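Here the structure comes first, spelled out in structure tokens, and everything after it is commentary.
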Amino acid sequence: MRESILTIPISEIFEPKCGCPFCRMRDTLEDRCVEYIMGAAMMEPDVREQTNQLGFCKTHFEKMLQQKNRLSIALMLQSHLNEINSSIISKKRLFSNSKGKTAKISELNNSCFVCSKIEWGMKRLLVTFFEMFEKSNEFKKLLSEQEMLCLNHYEMLLSLSSSMISKKALSEFEAICTSLLQKHLAELINDVTHFCNMYDYRNSGKNADWGNSKDSIERTVKFLTTR
């Protein structure tokens, strides 16, 4: 399959063969979006309108704080708080009872500007990903050589695959994805079990062999949650 402006980003994401490639895809989109919103885009009226309406989730507030540009965050918070106050809290005519107001607050509590942009980007990248799997044996091999798939993205791929690729390619796709997940799951089970066994007094001492188990808790959390 000939490389194009659409396939190059997918190839770049899959080349490292480290961790879950779809976590890398999400992380790439996430980093670019956070950098974008913390830069000049913060002052663009159409972007500010969206951030006022959607706000940000806890994860992406933390990502923004890591950028160390507190003034940008404060300016966005200022207009976002005013939007909440004027369009929900103080706007009496719009709501005949408290249910309408709480529904709007619930909608706001479950929205995030960065999450919405990541979802938009992922949908488009996944269309190209499935096309590449269907048309390129080289890319099939690249997928099969990945280190792992996390549980969340394994479920995502199997849910989408039946509507994105042909029945002929579907069984091979599911087999590759399941193999990647099972291989990593077996490693985690082994490492977490070894970690627990190391707390037996018979395994303690200066020369205790922890193997690959010391970070098994963190790796398992990432496998289960993508974070």
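Letters A, B, ... mark the chains of the structure tokens in the order given; residue numbers begin at 1 per chain; ligand numbers begin at 1, in order shown.
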Need to verify the contact set: A:Tyr154, 10 Å, only C-alpha atoms, exclusion of same-chain residues closer than 5 positions in sequence. Can you return it as number ranges by chain? A: 20, 22, 148-149, 159, 174, 177-178, 180-181
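If you measure from each of A:Met38, A:Ser87, A:Ile176, A:Lys168 to A:Leu71 using only C-alpha atoms, the closest one turns out to be A:Met38.
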Those in stretch 32-218 of chain A with helix (DSSP H, G or I) from DSSP, as a PyMOL selection string: chain A and resi 32-37+40-43+45-54+58-65+70-89+98-109+113-135+137-144+151-164+167-197+201-203+216-218
Leaving out stretch 209-215 of chain A and any residue of its chain fewer than 3 positions from it, which residues lie within 10 Å of it when counting only C-alpha atoms, given as a PyMOL selection string? chain A and resi 187-198+203-206+218-220
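Of the listed residues A:Glu44, A:Glu119, A:Glu62, A:Glu147, the one whose atoms come nearest to A:Cys18 is A:Glu147, with distances taken using only C-alpha atoms.
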Within 10 Å of stretch 46-58 of chain A, which residues of stretch 109-207 of chain A come that close, and what is the closest atom pair and distance in Å for each? Count only C-alpha atoms and give it as JSON lines.
{"residue": "A:Asn109", "atom": "CA", "partner": "A:Cys57", "partner_atom": "CA", "distance": 7.9}
{"residue": "A:Asn110", "atom": "CA", "partner": "A:Cys57", "partner_atom": "CA", "distance": 7.6}
{"residue": "A:Ser111", "atom": "CA", "partner": "A:Leu54", "partner_atom": "CA", "distance": 5.3}
{"residue": "A:Cys112", "atom": "CA", "partner": "A:Phe56", "partner_atom": "CA", "distance": 4.1}
{"residue": "A:Phe113", "atom": "CA", "partner": "A:Leu54", "partner_atom": "CA", "distance": 5.4}
{"residue": "A:Val114", "atom": "CA", "partner": "A:Phe56", "partner_atom": "CA", "distance": 6.8}
{"residue": "A:Cys115", "atom": "CA", "partner": "A:Cys57", "partner_atom": "CA", "distance": 7.9}
{"residue": "A:Ser116", "atom": "CA", "partner": "A:Leu54", "partner_atom": "CA", "distance": 8.8}
Take the residues from that selection and put them in a file with N, CA and C atoms, as a PDB file, in the first residue's frame.
ATOM      1  N   ASN A 109     -20.830  18.485  33.270  1.00  0.00           N
ATOM      2  CA  ASN A 109     -19.919  17.657  34.074  1.00  0.00           C
ATOM      3  C   ASN A 109     -19.345  16.491  33.283  1.00  0.00           C
ATOM      4  N   ASN A 110     -20.007  16.107  32.207  1.00  0.00           N
ATOM      5  CA  ASN A 110     -19.562  14.967  31.411  1.00  0.00           C
ATOM      6  C   ASN A 110     -19.023  15.367  30.047  1.00  0.00           C
ATOM      7  N   SER A 111     -18.654  16.629  29.908  1.00  0.00           N
ATOM      8  CA  SER A 111     -18.096  17.096  28.640  1.00  0.00           C
ATOM      9  C   SER A 111     -16.685  17.622  28.840  1.00  0.00           C
ATOM     10  N   CYS A 112     -15.898  17.620  27.754  1.00  0.00           N
ATOM     11  CA  CYS A 112     -14.516  18.105  27.806  1.00  0.00           C
ATOM     12  C   CYS A 112     -14.087  18.481  26.396  1.00  0.00           C
ATOM     13  N   PHE A 113     -13.547  19.666  26.226  1.00  0.00           N
ATOM     14  CA  PHE A 113     -13.100  20.126  24.918  1.00  0.00           C
ATOM     15  C   PHE A 113     -12.036  19.192  24.344  1.00  0.00           C
ATOM     16  N   VAL A 114     -11.041  18.821  25.155  1.00  0.00           N
ATOM     17  CA  VAL A 114      -9.947  17.972  24.671  1.00  0.00           C
ATOM     18  C   VAL A 114     -10.459  16.577  24.335  1.00  0.00           C
ATOM     19  N   CYS A 115     -11.294  16.006  25.185  1.00  0.00           N
ATOM     20  CA  CYS A 115     -11.858  14.677  24.916  1.00  0.00           C
ATOM     21  C   CYS A 115     -12.617  14.672  23.585  1.00  0.00           C
ATOM     22  N   SER A 116     -13.383  15.741  23.320  1.00  0.00           N
ATOM     23  CA  SER A 116     -14.159  15.800  22.080  1.00  0.00           C
ATOM     24  C   SER A 116     -13.248  15.848  20.864  1.00  0.00           C
TER      25      SER A 116
END
Can you work out the spacing between atom CA of A:Asn82 and atom CA of A:Glu107 in Å, to one decimal? 16.9 Å
Who sits within 12 Å of stretch 25-30 of chain A, only C-alpha atoms, same chain under 5 positions skipped, as a PDB file with N, CA and C atoms, in the first residue's frame:
ATOM      1  N   PRO A   9       0.804   9.097   9.295  1.00  0.00           N
ATOM      2  CA  PRO A   9       0.635   9.194  10.757  1.00  0.00           C
ATOM      3  C   PRO A   9       0.398   7.838  11.425  1.00  0.00           C
ATOM      4  N   ILE A  10      -0.339   6.945  10.768  1.00  0.00           N
ATOM      5  CA  ILE A  10      -0.589   5.616  11.331  1.00  0.00           C
ATOM      6  C   ILE A  10       0.713   4.823  11.392  1.00  0.00           C
ATOM      7  N   SER A  11       1.476   4.847  10.317  1.00  0.00           N
ATOM      8  CA  SER A  11       2.752   4.121  10.278  1.00  0.00           C
ATOM      9  C   SER A  11       3.690   4.618  11.373  1.00  0.00           C
ATOM     10  N   GLU A  12       3.743   5.924  11.587  1.00  0.00           N
ATOM     11  CA  GLU A  12       4.618   6.501  12.607  1.00  0.00           C
ATOM     12  C   GLU A  12       4.209   6.060  14.007  1.00  0.00           C
ATOM     13  N   ILE A  13       2.910   5.928  14.236  1.00  0.00           N
ATOM     14  CA  ILE A  13       2.411   5.486  15.544  1.00  0.00           C
ATOM     15  C   ILE A  13       2.763   4.023  15.799  1.00  0.00           C
ATOM     16  N   PHE A  14       2.738   3.196  14.761  1.00  0.00           N
ATOM     17  CA  PHE A  14       2.946   1.756  14.920  1.00  0.00           C
ATOM     18  C   PHE A  14       4.410   1.335  14.863  1.00  0.00           C
ATOM     19  N   GLU A  15       5.284   2.190  14.385  1.00  0.00           N
ATOM     20  CA  GLU A  15       6.691   1.822  14.243  1.00  0.00           C
ATOM     21  C   GLU A  15       7.409   1.531  15.565  1.00  0.00           C
ATOM     22  N   PRO A  16       7.154   2.256  16.658  1.00  0.00           N
ATOM     23  CA  PRO A  16       7.915   2.007  17.900  1.00  0.00           C
ATOM     24  C   PRO A  16       7.745   0.613  18.497  1.00  0.00           C
ATOM     25  N   GLY A  19       4.380  -0.851  23.977  1.00  0.00           N
ATOM     26  CA  GLY A  19       3.094  -0.587  24.592  1.00  0.00           C
ATOM     27  C   GLY A  19       1.954  -0.751  23.606  1.00  0.00           C
ATOM     28  N   CYS A  20       0.804  -0.218  23.960  1.00  0.00           N
ATOM     29  CA  CYS A  20      -0.391  -0.315  23.124  1.00  0.00           C
ATOM     30  C   CYS A  20      -0.373   0.799  22.068  1.00  0.00           C
ATOM     31  N   GLU A  35      -1.397  21.279  23.715  1.00  0.00           N
ATOM     32  CA  GLU A  35      -0.467  22.322  23.267  1.00  0.00           C
ATOM     33  C   GLU A  35      -1.196  23.396  22.458  1.00  0.00           C
ATOM     34  N   TYR A  36      -2.138  22.955  21.633  1.00  0.00           N
ATOM     35  CA  TYR A  36      -2.925  23.879  20.806  1.00  0.00           C
ATOM     36  C   TYR A  36      -3.760  24.812  21.676  1.00  0.00           C
ATOM     37  N   ILE A  37      -4.481  24.238  22.635  1.00  0.00           N
ATOM     38  CA  ILE A  37      -5.389  25.049  23.453  1.00  0.00           C
ATOM     39  C   ILE A  37      -4.627  25.959  24.409  1.00  0.00           C
ATOM     40  N   THR A  59      -8.610  14.915  34.000  1.00  0.00           N
ATOM     41  CA  THR A  59      -7.373  14.464  33.352  1.00  0.00           C
ATOM     42  C   THR A  59      -6.759  15.573  32.519  1.00  0.00           C
ATOM     43  N   HIS A  60      -7.577  16.282  31.764  1.00  0.00           N
ATOM     44  CA  HIS A  60      -7.035  17.285  30.855  1.00  0.00           C
ATOM     45  C   HIS A  60      -6.770  18.624  31.539  1.00  0.00           C
ATOM     46  N   PHE A  61      -7.440  18.905  32.638  1.00  0.00           N
ATOM     47  CA  PHE A  61      -7.020  20.034  33.460  1.00  0.00           C
ATOM     48  C   PHE A  61      -5.598  19.790  33.980  1.00  0.00           C
ATOM     49  N   LYS A  63      -3.298  17.873  32.617  1.00  0.00           N
ATOM     50  CA  LYS A  63      -2.384  17.991  31.484  1.00  0.00           C
ATOM     51  C   LYS A  63      -2.086  19.459  31.181  1.00  0.00           C
ATOM     52  N   MET A  64      -3.095  20.289  31.250  1.00  0.00           N
ATOM     53  CA  MET A  64      -2.922  21.719  30.993  1.00  0.00           C
ATOM     54  C   MET A  64      -2.039  22.371  32.061  1.00  0.00           C
ATOM     55  N   CYS A 112     -15.898  17.620  27.754  1.00  0.00           N
ATOM     56  CA  CYS A 112     -14.516  18.105  27.806  1.00  0.00           C
ATOM     57  C   CYS A 112     -14.087  18.481  26.396  1.00  0.00           C
ATOM     58  N   PHE A 113     -13.547  19.666  26.226  1.00  0.00           N
ATOM     59  CA  PHE A 113     -13.100  20.126  24.918  1.00  0.00           C
ATOM     60  C   PHE A 113     -12.036  19.192  24.344  1.00  0.00           C
ATOM     61  N   VAL A 114     -11.041  18.821  25.155  1.00  0.00           N
ATOM     62  CA  VAL A 114      -9.947  17.972  24.671  1.00  0.00           C
ATOM     63  C   VAL A 114     -10.459  16.577  24.335  1.00  0.00           C
ATOM     64  N   CYS A 115     -11.294  16.006  25.185  1.00  0.00           N
ATOM     65  CA  CYS A 115     -11.858  14.677  24.916  1.00  0.00           C
ATOM     66  C   CYS A 115     -12.617  14.672  23.585  1.00  0.00           C
ATOM     67  N   SER A 116     -13.383  15.741  23.320  1.00  0.00           N
ATOM     68  CA  SER A 116     -14.159  15.800  22.080  1.00  0.00           C
ATOM     69  C   SER A 116     -13.248  15.848  20.864  1.00  0.00           C
ATOM     70  N   LYS A 117     -12.121  16.550  20.961  1.00  0.00           N
ATOM     71  CA  LYS A 117     -11.181  16.628  19.844  1.00  0.00           C
ATOM     72  C   LYS A 117     -10.445  15.301  19.646  1.00  0.00           C
ATOM     73  N   ILE A 118     -10.119  14.630  20.745  1.00  0.00           N
ATOM     74  CA  ILE A 118      -9.471  13.316  20.645  1.00  0.00           C
ATOM     75  C   ILE A 118     -10.414  12.324  19.978  1.00  0.00           C
ATOM     76  N   GLU A 119     -11.670  12.328  20.387  1.00  0.00           N
ATOM     77  CA  GLU A 119     -12.656  11.420  19.799  1.00  0.00           C
ATOM     78  C   GLU A 119     -12.792  11.677  18.294  1.00  0.00           C
ATOM     79  N   TRP A 120     -12.831  12.946  17.919  1.00  0.00           N
ATOM     80  CA  TRP A 120     -12.925  13.332  16.503  1.00  0.00           C
ATOM     81  C   TRP A 120     -11.709  12.807  15.725  1.00  0.00           C
ATOM     82  N   GLY A 121     -10.518  13.009  16.284  1.00  0.00           N
ATOM     83  CA  GLY A 121      -9.290  12.570  15.627  1.00  0.00           C
ATOM     84  C   GLY A 121      -9.169  11.063  15.554  1.00  0.00           C
ATOM     85  N   MET A 122      -9.539  10.370  16.640  1.00  0.00           N
ATOM     86  CA  MET A 122      -9.456   8.903  16.672  1.00  0.00           C
ATOM     87  C   MET A 122     -10.350   8.280  15.612  1.00  0.00           C
ATOM     88  N   LYS A 123     -11.552   8.796  15.451  1.00  0.00           N
ATOM     89  CA  LYS A 123     -12.478   8.245  14.456  1.00  0.00           C
ATOM     90  C   LYS A 123     -11.865   8.287  13.068  1.00  0.00           C
ATOM     91  N   ARG A 124     -11.207   9.385  12.739  1.00  0.00           N
ATOM     92  CA  ARG A 124     -10.626   9.538  11.412  1.00  0.00           C
ATOM     93  C   ARG A 124      -9.381   8.683  11.228  1.00  0.00           C
ATOM     94  N   LEU A 125      -8.555   8.592  12.258  1.00  0.00           N
ATOM     95  CA  LEU A 125      -7.371   7.742  12.167  1.00  0.00           C
ATOM     96  C   LEU A 125      -7.741   6.264  12.079  1.00  0.00           C
ATOM     97  N   LEU A 126      -8.806   5.867  12.778  1.00  0.00           N
ATOM     98  CA  LEU A 126      -9.214   4.464  12.766  1.00  0.00           C
ATOM     99  C   LEU A 126      -9.763   4.041  11.406  1.00  0.00           C
ATOM    100  N   PHE A 129      -6.681   3.276   9.607  1.00  0.00           N
ATOM    101  CA  PHE A 129      -6.097   2.058  10.171  1.00  0.00           C
ATOM    102  C   PHE A 129      -6.747   0.807   9.598  1.00  0.00           C
ATOM    103  N   ASN A 152      -9.060  -1.816  27.071  1.00  0.00           N
ATOM    104  CA  ASN A 152     -10.002  -0.821  26.558  1.00  0.00           C
ATOM    105  C   ASN A 152      -9.963  -0.753  25.040  1.00  0.00           C
ATOM    106  N   HIS A 153      -8.761  -0.700  24.474  1.00  0.00           N
ATOM    107  CA  HIS A 153      -8.647  -0.560  23.028  1.00  0.00           C
ATOM    108  C   HIS A 153      -8.894  -1.889  22.302  1.00  0.00           C
ATOM    109  N   THR A 226      -5.926   2.220  30.378  1.00  0.00           N
ATOM    110  CA  THR A 226      -5.195   2.986  29.348  1.00  0.00           C
ATOM    111  C   THR A 226      -4.363   4.102  29.954  1.00  0.00           C
ATOM    112  N   ARG A 227      -4.417   4.310  31.281  1.00  0.00           N
ATOM    113  CA  ARG A 227      -3.656   5.377  31.921  1.00  0.00           C
ATOM    114  C   ARG A 227      -2.667   4.804  32.915  1.00  0.00           C
TER     115      ARG A 227
END
